[in-house]
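Asker: This one is upload.pdb, PDB, C-alpha atoms.
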```
ATOM      1  CA  ASN K 993       0.000   0.000   0.000  1.00  0.00           C
ATOM      2  CA  LEU K 994       1.039   3.535  -0.632  1.00  0.00           C
ATOM      3  CA  GLY K 995      -1.054   6.507   0.364  1.00  0.00           C
ATOM      4  CA  LEU K 996      -0.873  10.264   0.405  1.00  0.00           C
ATOM      5  CA  ALA K 997      -3.059  12.730   2.265  1.00  0.00           C
ATOM      6  CA  TRP K 998      -3.195  16.457   1.708  1.00  0.00           C
ATOM      7  CA  HIS K 999      -4.811  18.757   4.234  1.00  0.00           C
ATOM      8  CA  ALA K1000      -6.112  21.337   1.749  1.00  0.00           C
ATOM      9  CA  THR K1001      -7.647  23.350   4.597  1.00  0.00           C
ATOM     10  CA  PRO K1002      -8.047  22.619   8.310  1.00  0.00           C
ATOM     11  CA  ALA K1003     -11.462  21.127   7.458  1.00  0.00           C
ATOM     12  CA  VAL K1004     -10.698  19.351   4.144  1.00  0.00           C
ATOM     13  CA  THR K1005      -8.432  16.353   3.607  1.00  0.00           C
ATOM     14  CA  ILE K1006      -7.900  14.741   0.191  1.00  0.00           C
ATOM     15  CA  ALA K1007      -6.393  11.258   0.137  1.00  0.00           C
ATOM     16  CA  LEU K1008      -4.978   9.090  -2.668  1.00  0.00           C
ATOM     17  CA  ASP K1009      -4.197   5.444  -2.150  1.00  0.00           C
ATOM     18  CA  TRP K1010      -2.697   2.647  -4.236  1.00  0.00           C
ATOM     19  CA  GLN K1011      -2.779  -1.006  -3.207  1.00  0.00           C
ATOM     20  CA  ARG K1012      -1.343  -4.062  -4.939  1.00  0.00           C
ATOM     21  CA  THR K1013      -3.040  -7.366  -4.137  1.00  0.00           C
ATOM     22  CA  PHE K1014      -1.024 -10.463  -4.996  1.00  0.00           C
ATOM     23  CA  TYR K1015      -3.777 -12.971  -5.758  1.00  0.00           C
ATOM     24  CA  ALA K1016      -1.535 -14.975  -8.108  1.00  0.00           C
ATOM     25  CA  ALA K1017       0.835 -15.741  -5.206  1.00  0.00           C
ATOM     26  CA  THR K1018      -1.751 -17.877  -3.407  1.00  0.00           C
ATOM     27  CA  ARG K1019      -2.888 -21.223  -4.773  1.00  0.00           C
ATOM     28  CA  ASP K1020      -6.559 -20.772  -3.838  1.00  0.00           C
ATOM     29  CA  TYR K1021      -6.889 -17.600  -5.880  1.00  0.00           C
ATOM     30  CA  GLY K1022      -3.943 -17.775  -8.276  1.00  0.00           C
ATOM     31  CA  ASN K1023      -4.101 -21.300  -9.657  1.00  0.00           C
ATOM     32  CA  PRO K1024      -6.211 -21.455 -12.821  1.00  0.00           C
ATOM     33  CA  GLY K1025      -9.669 -22.935 -12.557  1.00  0.00           C
ATOM     34  CA  PRO K1026     -11.234 -25.494 -14.858  1.00  0.00           C
ATOM     35  CA  LEU K1027     -11.255 -24.513 -18.508  1.00  0.00           C
ATOM     36  CA  ALA K1028     -13.943 -25.218 -21.069  1.00  0.00           C
ATOM     37  CA  GLY K1029     -13.904 -28.797 -22.280  1.00  0.00           C
ATOM     38  CA  THR K1030     -11.884 -30.144 -19.358  1.00  0.00           C
ATOM     39  CA  ALA K1031     -12.911 -32.526 -16.613  1.00  0.00           C
ATOM     40  CA  PRO K1032     -11.383 -32.354 -13.126  1.00  0.00           C
ATOM     41  CA  THR K1033      -9.252 -35.165 -11.822  1.00  0.00           C
ATOM     42  CA  PRO K1034      -9.110 -36.226  -8.151  1.00  0.00           C
ATOM     43  CA  GLY K1035      -5.734 -34.488  -7.694  1.00  0.00           C
ATOM     44  CA  GLN K1036      -7.056 -31.093  -8.728  1.00  0.00           C
ATOM     45  CA  LEU K1037      -8.647 -30.145  -5.421  1.00  0.00           C
ATOM     46  CA  LEU K1038      -9.101 -26.443  -4.779  1.00  0.00           C
ATOM     47  CA  GLY K1039      -5.941 -24.811  -3.442  1.00  0.00           C
ATOM     48  CA  LYS K1040      -3.719 -27.892  -3.593  1.00  0.00           C
ATOM     49  CA  PRO K1041      -0.387 -27.747  -5.471  1.00  0.00           C
ATOM     50  CA  GLY K1042      -1.372 -28.271  -9.106  1.00  0.00           C
ATOM     51  CA  GLY K1043      -5.027 -28.072  -8.106  1.00  0.00           C
ATOM     52  CA  TYR K1044      -7.698 -25.643  -9.116  1.00  0.00           C
ATOM     53  CA  GLY K1045      -7.964 -22.058  -7.966  1.00  0.00           C
ATOM     54  CA  PHE K1046     -10.046 -19.070  -8.975  1.00  0.00           C
ATOM     55  CA  GLY K1047      -7.499 -18.030 -11.621  1.00  0.00           C
ATOM     56  CA  TRP K1048      -7.315 -14.438 -10.400  1.00  0.00           C
ATOM     57  CA  ASN K1049      -4.547 -12.122 -11.567  1.00  0.00           C
ATOM     58  CA  ASN K1050      -2.744  -9.666  -9.325  1.00  0.00           C
ATOM     59  CA  GLN K1051      -4.690  -6.446  -8.915  1.00  0.00           C
ATOM     60  CA  ASP K1052      -3.859  -2.756  -8.582  1.00  0.00           C
ATOM     61  CA  ILE K1053      -6.460  -0.774  -6.654  1.00  0.00           C
ATOM     62  CA  TYR K1054      -6.671   3.018  -6.806  1.00  0.00           C
ATOM     63  CA  ARG K1055      -8.693   5.096  -4.332  1.00  0.00           C
ATOM     64  CA  LEU K1056      -9.556   8.764  -3.991  1.00  0.00           C
ATOM     65  CA  GLY K1057     -11.106  10.032  -0.782  1.00  0.00           C
ATOM     66  CA  LEU K1058     -12.364  13.301   0.615  1.00  0.00           C
ATOM     67  CA  ARG K1059     -12.981  14.133   4.275  1.00  0.00           C
ATOM     68  CA  TYR K1060     -14.753  17.328   5.265  1.00  0.00           C
ATOM     69  CA  ALA K1061     -14.988  18.347   8.928  1.00  0.00           C
ATOM     70  CA  PHE K1062     -18.187  20.358   8.655  1.00  0.00           C
ATOM     71  CA  ASP K1063     -17.893  21.367  12.306  1.00  0.00           C
ATOM     72  CA  PRO K1064     -16.311  19.810  15.425  1.00  0.00           C
ATOM     73  CA  ARG K1065     -19.209  17.350  15.730  1.00  0.00           C
ATOM     74  CA  LEU K1066     -19.939  16.368  12.103  1.00  0.00           C
ATOM     75  CA  THR K1067     -17.506  14.812   9.612  1.00  0.00           C
ATOM     76  CA  LEU K1068     -18.536  13.957   6.042  1.00  0.00           C
ATOM     77  CA  ARG K1069     -16.655  11.505   3.792  1.00  0.00           C
ATOM     78  CA  ALA K1070     -16.781  10.495   0.134  1.00  0.00           C
ATOM     79  CA  GLY K1071     -14.623   8.259  -2.022  1.00  0.00           C
ATOM     80  CA  PHE K1072     -14.138   6.504  -5.339  1.00  0.00           C
ATOM     81  CA  ASN K1073     -12.408   3.174  -5.974  1.00  0.00           C
ATOM     82  CA  TYR K1074     -11.118   1.762  -9.278  1.00  0.00           C
ATOM     83  CA  SER K1075      -9.417  -1.543 -10.007  1.00  0.00           C
ATOM     84  CA  GLU K1076      -9.416  -3.768 -13.067  1.00  0.00           C
ATOM     85  CA  SER K1077     -11.121  -7.082 -12.492  1.00  0.00           C
ATOM     86  CA  PRO K1078      -8.661  -9.819 -11.513  1.00  0.00           C
ATOM     87  CA  VAL K1079     -10.852 -12.395 -13.303  1.00  0.00           C
ATOM     88  CA  GLY K1080     -10.222 -13.185 -16.968  1.00  0.00           C
ATOM     89  CA  SER K1081     -12.934 -14.422 -19.323  1.00  0.00           C
ATOM     90  CA  ASP K1082     -11.193 -17.817 -19.478  1.00  0.00           C
ATOM     91  CA  GLN K1083     -11.743 -18.215 -15.706  1.00  0.00           C
ATOM     92  CA  ILE K1084     -15.502 -17.771 -15.699  1.00  0.00           C
ATOM     93  CA  SER K1085     -16.263 -21.255 -14.309  1.00  0.00           C
ATOM     94  CA  PHE K1086     -15.354 -20.257 -10.744  1.00  0.00           C
ATOM     95  CA  ALA K1087     -16.437 -16.645 -11.291  1.00  0.00           C
ATOM     96  CA  LEU K1088     -19.948 -18.089 -11.207  1.00  0.00           C
ATOM     97  CA  LEU K1089     -19.231 -18.933  -7.535  1.00  0.00           C
ATOM     98  CA  ASN K1090     -17.152 -15.907  -6.567  1.00  0.00           C
ATOM     99  CA  PRO K1091     -17.872 -12.989  -8.916  1.00  0.00           C
ATOM    100  CA  GLY K1092     -15.016 -10.676  -7.898  1.00  0.00           C
ATOM    101  CA  ILE K1093     -15.319  -8.662 -11.118  1.00  0.00           C
ATOM    102  CA  MET K1094     -16.352  -5.261  -9.755  1.00  0.00           C
ATOM    103  CA  GLU K1095     -14.099  -2.461 -10.997  1.00  0.00           C
ATOM    104  CA  ARG K1096     -15.698   0.805  -9.832  1.00  0.00           C
ATOM    105  CA  SER K1097     -17.374   1.823  -6.590  1.00  0.00           C
ATOM    106  CA  VAL K1098     -18.395   4.971  -4.730  1.00  0.00           C
ATOM    107  CA  HIS K1099     -18.578   5.460  -0.990  1.00  0.00           C
ATOM    108  CA  ALA K1100     -20.147   8.062   1.286  1.00  0.00           C
ATOM    109  CA  GLY K1101     -20.415   8.427   5.012  1.00  0.00           C
ATOM    110  CA  ALA K1102     -20.809  10.715   7.967  1.00  0.00           C
ATOM    111  CA  THR K1103     -19.871  10.657  11.634  1.00  0.00           C
ATOM    112  CA  TRP K1104     -21.735  12.665  14.232  1.00  0.00           C
ATOM    113  CA  ARG K1105     -20.073  13.145  17.619  1.00  0.00           C
ATOM    114  CA  ARG K1106     -22.476  13.442  20.517  1.00  0.00           C
ATOM    115  CA  ARG K1107     -21.783  15.838  23.392  1.00  0.00           C
ATOM    116  CA  ASN K1108     -20.710  12.932  25.640  1.00  0.00           C
ATOM    117  CA  GLY K1109     -18.050  11.837  23.087  1.00  0.00           C
ATOM    118  CA  ASP K1110     -19.980   8.897  21.650  1.00  0.00           C
ATOM    119  CA  GLU K1111     -20.113   8.700  17.844  1.00  0.00           C
ATOM    120  CA  VAL K1112     -22.756   7.603  15.367  1.00  0.00           C
ATOM    121  CA  THR K1113     -21.493   6.696  11.880  1.00  0.00           C
ATOM    122  CA  VAL K1114     -23.508   5.949   8.757  1.00  0.00           C
ATOM    123  CA  SER K1115     -21.999   4.765   5.486  1.00  0.00           C
ATOM    124  CA  PHE K1116     -23.119   3.804   2.009  1.00  0.00           C
ATOM    125  CA  PHE K1117     -21.325   1.855  -0.702  1.00  0.00           C
ATOM    126  CA  ARG K1118     -22.295   1.248  -4.301  1.00  0.00           C
ATOM    127  CA  GLY K1119     -20.377  -1.067  -6.593  1.00  0.00           C
ATOM    128  CA  PHE K1120     -21.315  -0.429 -10.202  1.00  0.00           C
ATOM    129  CA  ARG K1121     -22.596  -3.169 -12.477  1.00  0.00           C
ATOM    130  CA  GLU K1122     -19.935  -5.205 -14.246  1.00  0.00           C
ATOM    131  CA  GLN K1123     -20.308  -8.065 -16.669  1.00  0.00           C
ATOM    132  CA  LEU K1124     -17.956 -10.866 -17.678  1.00  0.00           C
ATOM    133  CA  ARG K1125     -18.610 -13.215 -20.574  1.00  0.00           C
ATOM    134  CA  GLY K1126     -16.713 -16.348 -21.416  1.00  0.00           C
ATOM    135  CA  VAL K1127     -16.916 -20.096 -21.680  1.00  0.00           C
ATOM    136  CA  SER K1128     -17.212 -22.203 -18.553  1.00  0.00           C
ATOM    137  CA  VAL K1129     -16.972 -25.964 -18.165  1.00  0.00           C
ATOM    138  CA  LEU K1130     -20.750 -25.939 -18.670  1.00  0.00           C
ATOM    139  CA  GLY K1131     -20.605 -23.917 -21.901  1.00  0.00           C
ATOM    140  CA  PRO K1132     -21.053 -20.202 -22.672  1.00  0.00           C
ATOM    141  CA  ALA K1133     -21.549 -18.187 -19.479  1.00  0.00           C
ATOM    142  CA  GLN K1134     -22.033 -14.661 -18.269  1.00  0.00           C
ATOM    143  CA  VAL K1135     -21.529 -13.206 -14.803  1.00  0.00           C
ATOM    144  CA  THR K1136     -23.086  -9.883 -13.801  1.00  0.00           C
ATOM    145  CA  HIS K1137     -22.233  -8.308 -10.466  1.00  0.00           C
ATOM    146  CA  HIS K1138     -23.094  -5.157  -8.555  1.00  0.00           C
ATOM    147  CA  GLU K1139     -23.372  -4.371  -4.862  1.00  0.00           C
ATOM    148  CA  TYR K1140     -24.959  -1.977  -2.428  1.00  0.00           C
ATOM    149  CA  ALA K1141     -24.236  -1.719   1.277  1.00  0.00           C
ATOM    150  CA  LEU K1142     -25.496   0.463   4.081  1.00  0.00           C
ATOM    151  CA  GLY K1143     -23.716   0.637   7.402  1.00  0.00           C
ATOM    152  CA  LEU K1144     -24.579   2.017  10.807  1.00  0.00           C
ATOM    153  CA  GLY K1145     -22.186   2.139  13.722  1.00  0.00           C
ATOM    154  CA  TYR K1146     -22.172   3.395  17.263  1.00  0.00           C
ATOM    155  CA  ASN K1147     -18.983   4.048  19.220  1.00  0.00           C
ATOM    156  CA  TRP K1148     -19.249   4.831  22.903  1.00  0.00           C
ATOM    157  CA  ARG K1149     -16.440   6.306  24.927  1.00  0.00           C
TER     158      ARG K1149
END
```
Could you take the file, read its structure, and then write that structure out as structure tokens?
Answerer:
Amino acid sequence: NLGLAWHATPAVTIALDWQRTFYAATRDYGNPGPLAGTAPTPGQLLGKPGGYGFGWNNQDIYRLGLRYAFDPRLTLRAGFNYSESPVGSDQISFALLNPGIMERSVHAGATWRRRNGDEVTVSFFRGFREQLRGVSVLGPAQVTHHEYALGLGYNWR
């Protein structure tokens, strides 16, 4: 990971972040999965040496974030994330089980500090729709993936 933060004003912070994930270095994720027209053998168990994996490539992830301290009790946050999918179209068989193909997402959140020091945080995440087409062991296949998440947290002091 490598990150930079710039305090543009006392209330505004802009952050850039780069992360490299080494999926190919682990057998579970890095080993190739079953290809079209192939049948598994007993020795090709998931994650074993020479066995199947998800066939994911290493991934570079880029993030941009903004934090705005509206006042001493309210902080607002927003961010954007981009990373190319680590899943190739020739690895769609296991992508049907684990569709890690999302490339773009946006994030927003706010923290409100109560007078007693406790904090209430809300957050929202949206991963934009992505689609991967290829040929699986079952024939032509397509994976579509998008996500939404809403979070609520309470921190007491």
Asker: Would you kindly return, as a count of residues only, each protein, DNA or RNA residue with an atom no farther than 12 Å from any atom of Leu1089 in chain K, considering all atoms listed in the file and excluding same-chain residues fewer than 4 positions away?
Answerer: 12
Asker: Would you work out the distance separating CA of Tyr1054 in chain K from CA of Leu1144 in chain K, expressed in Å to one decimal?
Answerer: 25.1 Å
Asker: What does the distance between CA of Leu1027 in chain K and CA of Glu1095 in chain K come to in Å, to one decimal place?
Answerer: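 Separating CA of Leu1027 in chain K from CA of Glu1095 in chain K is a distance of 23.5 Å.
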Asker: Which residue gives the smallest distance to Phe1072 in chain K among K:Gly1119, K:Gly1126, K:Gly1109, K:Gly1022, with all atoms listed in the file counted?
Answerer: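 The shortest atom-to-atom distance to Phe1072 in chain K comes from K:Gly1119.
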Asker: Quick one: of K:Leu1037, K:Ala1028, K:Ala1102, K:Asp1063, who's nearest to Gly1131 in chain K, counting all atoms listed in the file?
Answerer: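 Smallest separation from Gly1131 in chain K among the options: K:Ala1028.
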Asker: Neighbours of Ala1000 in chain K within 12 Å (all atoms listed in the file; same-chain residues fewer than 5 positions away dropped), as a list in words?
Answerer: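 The contact residues come out as Thr1005, Ile1006, Ala1007, Leu1058, Arg1059, Tyr1060 and Ala1061 of chain K.
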Asker: Can you pull out the residues contacting Phe1116 in chain K? Cut-off 10 Å, using all atoms listed in the file, and skip same-chain residues under 6 positions away; I want them as a PyMOL selection string.
Answerer: chain K and resi 1070+1098-1102+1140-1144
Asker: Between K:Pro1034, K:Gly995, K:Pro1002, K:Gly1092, single out the one closest to Gln1051 in chain K, counting all atoms listed in the file.
Answerer: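 Counting all atoms listed in the file, the residue closest to Gln1051 in chain K is K:Gly1092.
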Asker: State, in Å with one decimal place, the distance from CA of Arg1118 in chain K to CA of Ala1016 in chain K.
Answerer: 26.6 Å
Asker: Starting from the shown file, work through the PyMOL selection byres ((chain K and resi 1108) around 12) and note down what comes out as a short mmCIF file (atom, residue, chain, number, x, y, z; two decimals) with C-alpha atoms, in the frame of the given file.
Answerer:
```
data_model
loop_
_atom_site.label_atom_id
_atom_site.label_comp_id
_atom_site.auth_asym_id
_atom_site.auth_seq_id
_atom_site.Cartn_x
_atom_site.Cartn_y
_atom_site.Cartn_z
CA ARG K 1065 -19.21 17.35 15.73
CA TRP K 1104 -21.74 12.66 14.23
CA ARG K 1105 -20.07 13.14 17.62
CA ARG K 1106 -22.48 13.44 20.52
CA ARG K 1107 -21.78 15.84 23.39
CA GLY K 1109 -18.05 11.84 23.09
CA ASP K 1110 -19.98 8.90 21.65
CA GLU K 1111 -20.11 8.70 17.84
CA VAL K 1112 -22.76 7.60 15.37
CA ASN K 1147 -18.98 4.05 19.22
CA TRP K 1148 -19.25 4.83 22.90
CA ARG K 1149 -16.44 6.31 24.93
#
```
Asker: For a quick check of understanding, using all atoms listed in the file, which of K:Leu1038, K:Val1129, K:Leu1124, K:Leu1008 has the smallest distance to Ser1077 in chain K?
Answerer: K:Leu1124
Asker: Identify which of the residues K:Gly1145, K:Pro1132, K:Gly1047, K:Gly1057 lies closest to Val1079 in chain K, counting all atoms listed in the file when measuring atom-to-atom distances.
Answerer: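 When distances to Val1079 in chain K are compared using all atoms listed in the file, the smallest one comes from K:Gly1047.
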Asker: Considering all atoms listed in the file, state which residue in the set K:Trp998, K:Phe1086, K:Phe1120, K:Trp1010 is at the smallest distance from Pro1026 in chain K.
Answerer: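 Closest candidate: K:Phe1086.
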Asker: Name the residues that the PyMOL selection byres ((chain K and resi 1053) around 9) picks from the file above, as a PyMOL selection string, using the file's chain letters and numbers.
Answerer: chain K and resi 1009-1013+1051-1052+1054-1055+1073-1076+1095
Asker: I need the residue set behind the PyMOL selection byres ((chain K and resi 1039) around 10) for this file; please write it as a CSV table (one decimal) with C-alpha atoms, in the coordinates of the input.
Answerer:
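That gives us expr-v2.csv:
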```csv
chain,number,residue,atom,x,y,z
K,1018,THR,CA,-1.8,-17.9,-3.4
K,1019,ARG,CA,-2.9,-21.2,-4.8
K,1020,ASP,CA,-6.6,-20.8,-3.8
K,1021,TYR,CA,-6.9,-17.6,-5.9
K,1022,GLY,CA,-3.9,-17.8,-8.3
K,1023,ASN,CA,-4.1,-21.3,-9.7
K,1024,PRO,CA,-6.2,-21.5,-12.8
K,1036,GLN,CA,-7.1,-31.1,-8.7
K,1037,LEU,CA,-8.6,-30.1,-5.4
K,1038,LEU,CA,-9.1,-26.4,-4.8
K,1040,LYS,CA,-3.7,-27.9,-3.6
K,1041,PRO,CA,-0.4,-27.7,-5.5
K,1042,GLY,CA,-1.4,-28.3,-9.1
K,1043,GLY,CA,-5.0,-28.1,-8.1
K,1044,TYR,CA,-7.7,-25.6,-9.1
K,1045,GLY,CA,-8.0,-22.1,-8.0
K,1046,PHE,CA,-10.0,-19.1,-9.0
```
Asker: Find the spatial neighbours of Thr1103 in chain K, counting only C-alpha atoms, within a cut-off of 6 Å - ignore same-chain residues fewer than 2 positions away - and output them as a PyMOL selection string.
Answerer: chain K and resi 1066-1067+1112-1113
